[in-house]
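Engineer: Supplied structure: model_28.cif, mmCIF, C-alpha atoms.
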data_coords
#
loop_
_atom_site.label_atom_id
_atom_site.label_comp_id
_atom_site.auth_asym_id
_atom_site.auth_seq_id
_atom_site.Cartn_x
_atom_site.Cartn_y
_atom_site.Cartn_z
CA MET A 1 108.22 -117.84 -2.53
CA LYS A 2 106.46 -117.33 0.80
CA THR A 3 107.54 -113.73 1.00
CA LEU A 4 106.37 -113.13 -2.54
CA SER A 5 102.87 -114.47 -1.92
CA VAL A 6 102.66 -112.42 1.26
CA GLU A 7 103.70 -109.27 -0.49
CA SER A 8 101.15 -109.78 -3.24
CA GLY A 9 98.60 -110.39 -0.49
CA GLU A 10 99.51 -107.06 1.01
CA THR A 11 99.15 -105.27 -2.29
CA SER A 12 95.67 -106.65 -2.88
CA HIS A 13 94.60 -105.26 0.49
CA GLU A 14 96.15 -101.85 0.00
CA THR A 15 92.70 -100.30 0.07
CA ASN A 16 92.67 -101.09 3.81
CA PRO A 17 95.90 -99.77 5.40
CA GLU A 18 94.96 -101.29 8.78
CA ASN A 19 94.84 -104.80 7.26
CA SER A 20 98.19 -104.52 5.51
CA MET A 21 99.78 -103.28 8.74
CA ILE A 22 98.60 -106.39 10.61
CA ASN A 23 100.05 -108.52 7.89
CA GLY A 24 103.35 -106.66 8.14
CA VAL A 25 103.44 -107.38 11.88
CA ALA A 26 102.66 -111.06 11.23
CA VAL A 27 105.51 -111.31 8.71
CA LEU A 28 107.84 -109.55 11.16
CA GLU A 29 106.83 -112.00 13.89
CA PHE A 30 107.53 -114.96 11.61
CA VAL A 31 111.00 -113.62 10.77
CA LEU A 32 111.75 -112.88 14.45
CA ARG A 33 110.72 -116.42 15.44
CA PHE A 34 113.05 -117.78 12.79
CA LEU A 35 115.92 -115.62 14.12
CA ALA A 36 115.25 -116.62 17.73
CA ALA A 37 115.19 -120.30 16.76
CA GLY A 38 118.56 -119.88 15.05
CA GLY A 39 120.01 -117.98 18.00
CA THR A 40 118.92 -120.55 20.61
CA LEU A 41 120.12 -123.43 18.43
CA ALA A 42 123.51 -121.77 17.94
CA SER A 43 123.99 -121.09 21.65
CA ALA A 44 122.87 -124.60 22.68
CA MET A 45 125.30 -126.15 20.18
CA ALA A 46 128.20 -123.84 21.03
CA MET A 47 127.83 -124.58 24.73
CA GLY A 48 127.09 -128.28 24.25
CA THR A 49 130.20 -128.92 22.16
CA ALA A 50 132.59 -126.71 24.16
CA GLU A 51 135.43 -128.88 25.35
CA GLU A 52 139.11 -128.51 26.02
CA THR A 53 141.89 -130.71 27.30
CA VAL A 54 144.62 -128.90 29.19
CA PRO A 55 147.54 -130.57 30.95
CA LEU A 56 148.14 -128.89 34.31
CA VAL A 57 151.79 -127.95 34.67
CA SER A 58 151.96 -128.25 38.42
CA GLN A 59 150.09 -131.57 38.65
CA SER A 60 150.11 -134.76 36.64
CA ILE A 61 146.40 -134.61 35.77
CA LEU A 62 144.50 -133.40 32.73
CA LEU A 63 141.86 -130.66 32.96
CA ASN A 64 138.99 -131.57 30.65
CA PRO A 65 136.09 -129.16 31.23
CA LYS A 66 132.68 -129.96 29.72
CA PHE A 67 129.35 -128.16 29.97
CA SER A 68 128.01 -131.00 32.14
CA ASP A 69 130.52 -130.20 34.89
CA LEU A 70 128.33 -127.32 36.03
CA PRO A 71 124.55 -127.62 36.48
CA MET A 72 124.09 -124.02 35.23
CA PHE A 73 125.69 -124.87 31.89
CA THR A 74 123.52 -128.00 31.63
CA PHE A 75 120.44 -125.86 32.36
CA PHE A 76 121.60 -123.37 29.73
CA VAL A 77 121.84 -126.09 27.06
CA ILE A 78 118.46 -127.59 28.04
CA ALA A 79 116.70 -124.19 28.19
CA ASN A 80 118.02 -123.16 24.77
CA SER A 81 117.18 -126.54 23.23
CA VAL A 82 113.60 -126.45 24.56
CA ALA A 83 113.12 -122.87 23.35
CA CYS A 84 114.56 -123.77 19.93
CA ALA A 85 112.22 -126.79 19.60
CA TYR A 86 109.21 -124.67 20.59
CA LEU A 87 110.15 -121.89 18.16
CA VAL A 88 110.60 -124.32 15.26
CA LEU A 89 107.23 -125.94 16.06
CA SER A 90 105.59 -122.50 16.25
CA LEU A 91 106.76 -121.48 12.76
CA PRO A 92 103.90 -123.21 10.82
CA LEU A 93 101.21 -121.61 13.02
CA SER A 94 103.03 -118.29 12.74
CA PHE A 95 102.94 -118.62 8.96
CA TYR A 96 99.23 -119.42 9.21
CA HIS A 97 98.78 -116.11 11.05
CA ILE A 98 100.20 -114.31 8.02
CA ILE A 99 97.60 -115.69 5.62
CA LYS A 100 94.67 -115.85 8.07
CA ARG A 101 93.88 -112.82 10.23
CA ALA A 102 91.00 -113.74 12.56
CA THR A 103 93.06 -116.05 14.74
CA ASN A 104 93.09 -114.28 18.06
CA ASN A 105 92.88 -117.23 20.43
CA SER A 106 95.88 -118.99 18.93
CA ARG A 107 97.78 -115.70 19.22
CA LEU A 108 96.93 -115.58 22.93
CA VAL A 109 98.29 -119.11 23.36
CA PHE A 110 101.44 -117.92 21.59
CA VAL A 111 101.83 -115.00 24.01
CA MET A 112 101.58 -117.42 26.94
CA PHE A 113 104.22 -119.80 25.61
CA ASP A 114 106.45 -116.99 24.33
CA THR A 115 106.46 -115.41 27.78
CA ALA A 116 107.37 -118.73 29.37
CA MET A 117 110.16 -119.26 26.82
CA LEU A 118 111.47 -115.73 27.38
CA ALA A 119 111.74 -116.43 31.11
CA LEU A 120 113.36 -119.82 30.45
CA VAL A 121 116.01 -118.56 28.02
CA THR A 122 116.73 -115.48 30.16
CA ALA A 123 117.18 -117.65 33.25
CA GLY A 124 119.51 -120.02 31.41
CA ALA A 125 121.59 -117.25 29.85
CA SER A 126 121.86 -115.32 33.09
CA ALA A 127 122.80 -118.35 35.21
CA ALA A 128 125.49 -119.32 32.71
CA ALA A 129 126.66 -115.69 32.47
CA SER A 130 127.32 -115.44 36.18
CA ILE A 131 129.39 -118.65 36.06
CA VAL A 132 131.36 -117.38 33.06
CA TYR A 133 131.95 -114.11 34.91
CA LEU A 134 133.22 -116.02 37.97
CA ALA A 135 135.44 -118.16 35.76
CA HIS A 136 136.96 -115.03 34.22
CA GLU A 137 137.24 -112.86 37.33
CA GLY A 138 137.01 -115.15 40.33
CA ASN A 139 135.98 -113.80 43.72
CA ALA A 140 138.38 -112.97 46.52
CA GLN A 141 135.81 -112.97 49.37
CA ALA A 142 134.59 -116.49 48.60
CA ASN A 143 138.11 -117.64 47.67
CA TRP A 144 137.01 -118.73 44.19
CA SER A 145 139.85 -118.57 41.69
CA ALA A 146 139.62 -117.40 38.07
CA VAL A 147 139.88 -120.70 36.20
CA CYS A 148 139.88 -119.07 32.76
CA GLN A 149 143.60 -118.39 33.02
CA GLN A 150 144.13 -122.06 32.11
CA LEU A 151 141.08 -122.58 29.91
CA ASP A 152 141.23 -120.09 27.06
CA SER A 153 139.30 -121.96 24.39
CA PHE A 154 136.58 -123.30 26.71
CA CYS A 155 135.96 -119.85 28.19
CA GLU A 156 135.86 -118.18 24.79
CA ARG A 157 133.36 -120.72 23.49
CA THR A 158 131.03 -120.33 26.48
CA SER A 159 131.22 -116.53 26.28
CA GLY A 160 130.31 -116.66 22.60
CA SER A 161 127.33 -118.90 23.22
CA LEU A 162 126.14 -116.42 25.88
CA ILE A 163 126.06 -113.63 23.30
CA ALA A 164 123.87 -115.74 20.96
CA SER A 165 121.56 -116.52 23.85
CA PHE A 166 121.16 -112.90 24.96
CA VAL A 167 120.43 -111.88 21.36
CA SER A 168 117.70 -114.56 21.36
CA VAL A 169 116.28 -113.03 24.55
CA LEU A 170 116.03 -109.63 22.83
CA VAL A 171 114.38 -111.20 19.76
CA LEU A 172 111.88 -113.09 21.96
CA MET A 173 110.95 -109.80 23.65
CA LEU A 174 110.26 -108.30 20.21
CA VAL A 175 108.17 -111.39 19.33
CA ILE A 176 105.95 -110.84 22.39
CA VAL A 177 105.51 -107.14 21.66
CA SER A 178 104.71 -107.77 17.97
CA SER A 179 102.20 -110.45 19.03
CA ALA A 180 100.50 -107.92 21.29
CA ILE A 181 100.44 -105.35 18.47
CA ALA A 182 98.92 -107.92 16.11
CA ILE A 183 96.23 -108.77 18.68
CA SER A 184 95.37 -105.11 19.28
CA HIS A 185 95.10 -104.27 15.55
CA ARG A 186 92.96 -107.28 14.72
CA MET B 1 86.57 -99.18 48.56
CA LYS B 2 88.15 -99.58 45.14
CA THR B 3 87.08 -103.19 44.82
CA LEU B 4 83.56 -102.26 45.87
CA SER B 5 83.15 -99.58 43.22
CA VAL B 6 84.55 -101.91 40.58
CA GLU B 7 82.19 -104.69 41.53
CA SER B 8 79.22 -102.37 41.40
CA GLY B 9 80.50 -101.22 38.00
CA GLU B 10 80.54 -104.82 36.88
CA THR B 11 77.01 -105.41 38.06
CA SER B 12 75.68 -102.47 36.10
CA HIS B 13 77.23 -103.93 32.94
CA GLU B 14 75.97 -107.44 33.49
CA THR B 15 73.84 -107.15 30.41
CA ASN B 16 77.12 -107.39 28.44
CA PRO B 17 79.13 -110.40 29.68
CA GLU B 18 82.08 -109.51 27.41
CA ASN B 19 82.48 -106.12 29.12
CA SER B 20 82.37 -107.51 32.63
CA MET B 21 85.00 -110.09 31.70
CA ILE B 22 87.42 -107.39 30.51
CA ASN B 23 86.90 -105.57 33.76
CA GLY B 24 87.62 -108.74 35.69
CA VAL B 25 90.89 -109.14 33.80
CA ALA B 26 91.78 -105.48 34.51
CA VAL B 27 91.13 -105.96 38.23
CA LEU B 28 93.19 -109.17 38.19
CA GLU B 29 96.04 -107.33 36.46
CA PHE B 30 95.94 -104.57 39.08
CA VAL B 31 96.10 -107.12 41.92
CA LEU B 32 98.94 -109.03 40.19
CA ARG B 33 100.94 -105.82 39.74
CA PHE B 34 100.51 -105.08 43.42
CA LEU B 35 101.72 -108.60 44.32
CA ALA B 36 104.72 -108.36 41.97
CA ALA B 37 105.66 -104.96 43.43
CA GLY B 38 105.56 -106.46 46.92
CA GLY B 39 107.58 -109.49 45.87
CA THR B 40 110.33 -107.50 44.19
CA LEU B 41 110.49 -105.06 47.11
CA ALA B 42 110.77 -107.93 49.60
CA SER B 43 113.53 -109.67 47.67
CA ALA B 44 115.51 -106.45 47.11
CA MET B 45 115.30 -105.63 50.81
CA ALA B 46 116.10 -109.16 52.00
CA MET B 47 119.19 -109.32 49.78
CA GLY B 48 120.23 -105.73 50.43
CA THR B 49 120.20 -106.10 54.20
CA ALA B 50 121.72 -109.60 54.36
CA GLU B 51 124.86 -109.40 56.45
CA GLU B 52 126.73 -111.62 58.82
CA THR B 53 129.93 -111.39 60.83
CA VAL B 54 131.68 -114.69 61.40
CA PRO B 55 135.03 -115.10 63.12
CA LEU B 56 137.11 -117.67 61.23
CA VAL B 57 138.47 -120.26 63.64
CA SER B 58 141.60 -121.03 61.68
CA GLN B 59 142.53 -117.42 60.95
CA SER B 60 142.47 -114.22 62.95
CA ILE B 61 140.19 -112.39 60.51
CA LEU B 62 136.47 -111.74 60.46
CA LEU B 63 134.29 -112.88 57.57
CA ASN B 64 131.73 -110.17 56.86
CA PRO B 65 129.85 -110.98 53.64
CA LYS B 66 127.60 -108.33 52.08
CA PHE B 67 125.56 -108.35 48.88
CA SER B 68 128.00 -105.88 47.31
CA ASP B 69 130.82 -108.44 47.48
CA LEU B 70 129.44 -110.14 44.38
CA PRO B 71 128.35 -108.23 41.26
CA MET B 72 125.49 -110.72 40.68
CA PHE B 73 123.97 -109.90 44.06
CA THR B 74 124.33 -106.17 43.33
CA PHE B 75 122.61 -106.70 39.98
CA PHE B 76 119.88 -108.69 41.76
CA VAL B 77 119.18 -105.82 44.17
CA ILE B 78 119.22 -103.22 41.37
CA ALA B 79 117.00 -105.31 39.05
CA ASN B 80 114.42 -105.93 41.76
CA SER B 81 114.45 -102.28 42.87
CA VAL B 82 113.97 -101.02 39.30
CA ALA B 83 111.13 -103.51 38.71
CA CYS B 84 109.51 -102.55 42.01
CA ALA B 85 109.68 -98.82 41.17
CA TYR B 86 108.19 -99.45 37.71
CA LEU B 87 105.39 -101.63 39.14
CA VAL B 88 104.46 -99.04 41.78
CA LEU B 89 104.43 -96.30 39.11
CA SER B 90 102.28 -98.48 36.84
CA LEU B 91 99.58 -98.99 39.50
CA PRO B 92 97.70 -95.70 38.85
CA LEU B 93 97.52 -96.35 35.09
CA SER B 94 96.51 -99.95 35.79
CA PHE B 95 93.69 -98.65 37.99
CA TYR B 96 92.68 -96.29 35.17
CA HIS B 97 92.38 -99.38 32.92
CA ILE B 98 89.77 -100.78 35.30
CA ILE B 99 87.45 -97.79 35.02
CA LYS B 100 88.20 -96.90 31.38
CA ARG B 101 88.14 -99.64 28.74
CA ALA B 102 89.15 -98.12 25.41
CA THR B 103 92.81 -97.67 26.32
CA ASN B 104 94.56 -100.03 23.98
CA ASN B 105 97.70 -98.04 23.21
CA SER B 106 98.62 -97.58 26.86
CA ARG B 107 98.10 -101.33 27.32
CA LEU B 108 100.58 -101.97 24.48
CA VAL B 109 103.13 -99.72 26.20
CA PHE B 110 102.53 -101.76 29.37
CA VAL B 111 103.19 -105.03 27.53
CA MET B 112 106.50 -103.63 26.27
CA PHE B 113 107.71 -102.50 29.70
CA ASP B 114 106.33 -105.59 31.46
CA THR B 115 108.27 -107.81 29.07
CA ALA B 116 111.46 -105.84 29.71
CA MET B 117 110.89 -106.05 33.49
CA LEU B 118 110.21 -109.79 33.27
CA ALA B 119 113.55 -110.28 31.52
CA LEU B 120 115.32 -108.00 34.03
CA VAL B 121 113.94 -109.68 37.17
CA THR B 122 114.45 -113.18 35.70
CA ALA B 123 118.06 -112.36 34.83
CA GLY B 124 118.74 -110.97 38.30
CA ALA B 125 117.09 -113.88 40.11
CA SER B 126 118.80 -116.47 37.95
CA ALA B 127 122.27 -114.91 38.24
CA ALA B 128 121.93 -114.71 42.02
CA ALA B 129 120.52 -118.25 42.14
CA SER B 130 123.56 -119.72 40.45
CA ILE B 131 125.86 -117.96 42.96
CA VAL B 132 123.74 -119.17 45.88
CA TYR B 133 123.90 -122.69 44.43
CA LEU B 134 127.71 -122.46 44.16
CA ALA B 135 127.92 -121.11 47.72
CA HIS B 136 125.89 -124.10 48.96
CA GLU B 137 127.41 -126.84 46.83
CA GLY B 138 130.72 -125.59 45.55
CA ASN B 139 132.30 -127.09 42.44
CA ALA B 140 135.07 -129.64 42.49
CA GLN B 141 136.21 -129.17 38.86
CA ALA B 142 136.73 -125.43 39.25
CA ASN B 143 138.02 -125.88 42.81
CA TRP B 144 135.37 -123.52 44.23
CA SER B 145 134.57 -124.35 47.84
CA ALA B 146 131.10 -124.31 49.42
CA VAL B 147 131.32 -121.18 51.56
CA CYS B 148 127.87 -121.69 53.12
CA GLN B 149 129.33 -124.07 55.68
CA GLN B 150 130.57 -121.00 57.55
CA LEU B 151 127.82 -118.55 56.61
CA ASP B 152 124.48 -120.00 57.71
CA SER B 153 122.48 -116.83 58.22
CA PHE B 154 123.76 -115.01 55.12
CA CYS B 155 123.04 -118.02 52.90
CA GLU B 156 119.55 -118.50 54.34
CA ARG B 157 118.70 -114.85 53.79
CA THR B 158 119.87 -114.85 50.17
CA SER B 159 118.01 -118.12 49.46
CA GLY B 160 114.83 -116.62 50.89
CA SER B 161 115.12 -113.49 48.80
CA LEU B 162 115.53 -115.71 45.71
CA ILE B 163 112.18 -117.36 46.41
CA ALA B 164 110.43 -113.97 46.60
CA SER B 165 112.08 -112.96 43.33
CA PHE B 166 111.08 -116.12 41.46
CA VAL B 167 107.49 -115.71 42.70
CA SER B 168 107.60 -112.17 41.28
CA VAL B 169 108.77 -113.62 37.94
CA LEU B 170 105.74 -115.93 37.85
CA VAL B 171 103.39 -113.06 38.75
CA LEU B 172 104.94 -110.84 36.03
CA MET B 173 104.33 -113.60 33.47
CA LEU B 174 100.66 -113.66 34.54
CA VAL B 175 100.55 -109.86 34.22
CA ILE B 176 101.73 -110.05 30.59
CA VAL B 177 99.24 -112.80 29.72
CA SER B 178 96.35 -110.95 31.38
CA SER B 179 97.35 -107.77 29.51
CA ALA B 180 97.21 -109.70 26.23
CA ILE B 181 93.80 -111.12 27.15
CA ALA B 182 92.51 -107.63 28.00
CA ILE B 183 93.79 -106.32 24.65
CA SER B 184 92.18 -109.17 22.70
CA HIS B 185 88.76 -108.79 24.41
CA ARG B 186 88.62 -105.06 23.95
#
Spit out the file's structure as structure tokens when you get a sec.
Structural biologist:
Amino acid sequence: MKTLSVESGETSHETNPENSMINGVAVLEFVLRFLAAGGTLASAMAMGTAEETVPLVSQSILLNPKFSDLPMFTFFVIANSVACAYLVLSLPLSFYHIIKRATNNSRLVFVMFDTAMLALVTAGASAAASIVYLAHEGNAQANWSAVCQQLDSFCERTSGSLIASFVSVLVLMLVIVSSAIAISHR
Amino acid sequence: MKTLSVESGETSHETNPENSMINGVAVLEFVLRFLAAGGTLASAMAMGTAEETVPLVSQSILLNPKFSDLPMFTFFVIANSVACAYLVLSLPLSFYHIIKRATNNSRLVFVMFDTAMLALVTAGASAAASIVYLAHEGNAQANWSAVCQQLDSFCERTSGSLIASFVSVLVLMLVIVSSAIAISHR
């Protein structure tokens, strides 16, 4: 329904190609925000629910890794949750930008928060990625062993949630650029 | 000299407060770019030259950590070097923005590259930060030991270069926001 009303709005303004282009950018931004919200939610949930119980053969203890064992994984979950909450809250105002054009100041506020969220999600994804890399490969110099040899399912889940998070980073970059384009073509 | 000519330019336009404000933002952006270039250069150099030779008491080998021992530190140095090179190359065009106002398309290109550089530097700083944290604290669950107990100078140098890199991230965020403000007040 929303898309329909937007498209009819575009048609009625076809006499002014500049106007319809802005509207196209605003619709694109709305869709990108929606995608980024989904991506951050998926990665926060995938990491937050990753768990595995493995009996160690050599010892009589159970390995039970959780995301809260490592502060970088906790930061990853928090960063993605915060970004997801912000993106969901920004959707109504983003929709308002589609129907109303002369809203430059609120767009500037968006650029500020989007930039902060981009840095936050990138930091979380990158910190978690380096831990996942270490878990897979280990490091001989520091004498850190590759723990993924015992933890297949946990490592696969965390790697998957990294992919969702890095996709969200890309989408957030596109959101910032499309915001800037919308501001410049006001 | 540059600042002087800009300030006199501002004075001659004082009849139009909007114009002088844009120019102020352009000058601010130029200064911020300069700061970010310095910050990324400092952190790349601090990490790239961090080295230490420690004789291990218990064993007859020498510990000689370098940034290239860990792929995250290598990525950190590369990311900061690339961002520094881009920022230095962007300075002439940024200066051109101070004297010429109607340059909206080149500003949009800047926003695109600045966003990419923000993500790159943040990813590098965050990946290196999680390794530095592990080196300081270790992790009991994964059985990773805190190697910083033997490597004081190396760990201090890498921690310092992280600070410079995170300051650059903050400055890059301000660059993007000031670019957006300059575009909106065209």
Engineer: Evaluate the PyMOL selection byres ((chain B) within 8 of (chain A)) against this structure - the residues, as number ranges by chain, please.
Structural biologist: B: 65, 69-70, 72, 104, 108, 111-112, 115-116, 118-119, 122-131, 139, 141-145, 147, 169, 173, 176-177, 180-181, 183-184
Engineer: Using only C-alpha atoms, can you tell me which of A:Leu151, A:Leu162, A:Val167, A:Ile99 comes closest to A:Val27?
Structural biologist: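 Nearest candidate to A:Val27 out of A:Leu151, A:Leu162, A:Val167, A:Ile99: A:Ile99.
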Engineer: Counting all atoms listed in the file, note down every residue that has an atom within 12 Å of the point (107.7, -123.8, 12.5) (file coordinates), as a list of chain:residue names.
Structural biologist: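 Selection result: A:Glu29, A:Phe30, A:Val31, A:Leu32, A:Arg33, A:Phe34, A:Leu35, A:Ala36, A:Ala37, A:Gly38, A:Cys84, A:Ala85, A:Tyr86, A:Leu87, A:Val88, A:Leu89, A:Ser90, A:Leu91, A:Pro92, A:Leu93, A:Ser94, A:Phe95, A:Tyr96, A:His97.
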Engineer: Of the candidates B:Ile98, B:Met117, B:Val132, B:Ala50, which shows the shortest atom-to-atom distance to B:Val171, using only C-alpha atoms?
Structural biologist: B:Met117
Engineer: One decimal, in Å: what's the spacing between atom CA of B:Val77 and atom CA of A:Ser159?
Structural biologist: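 Pair atom CA of B:Val77 / atom CA of A:Ser159 returns 24.1 Å.
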Engineer: Between atom CA of A:Thr158 and atom CA of A:Glu51, what is the distance, to one decimal in Å?
Structural biologist: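 For atom CA of A:Thr158 relative to atom CA of A:Glu51, the distance reads 9.7 Å.
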Engineer: Find, counting only C-alpha atoms, the residue in A:Ser68, A:Ser161, A:Gln149, A:Ser43 that gets nearest to A:Ala83.
Structural biologist: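 Using only C-alpha atoms, the shortest distance to A:Ala83 belongs to A:Ser43.
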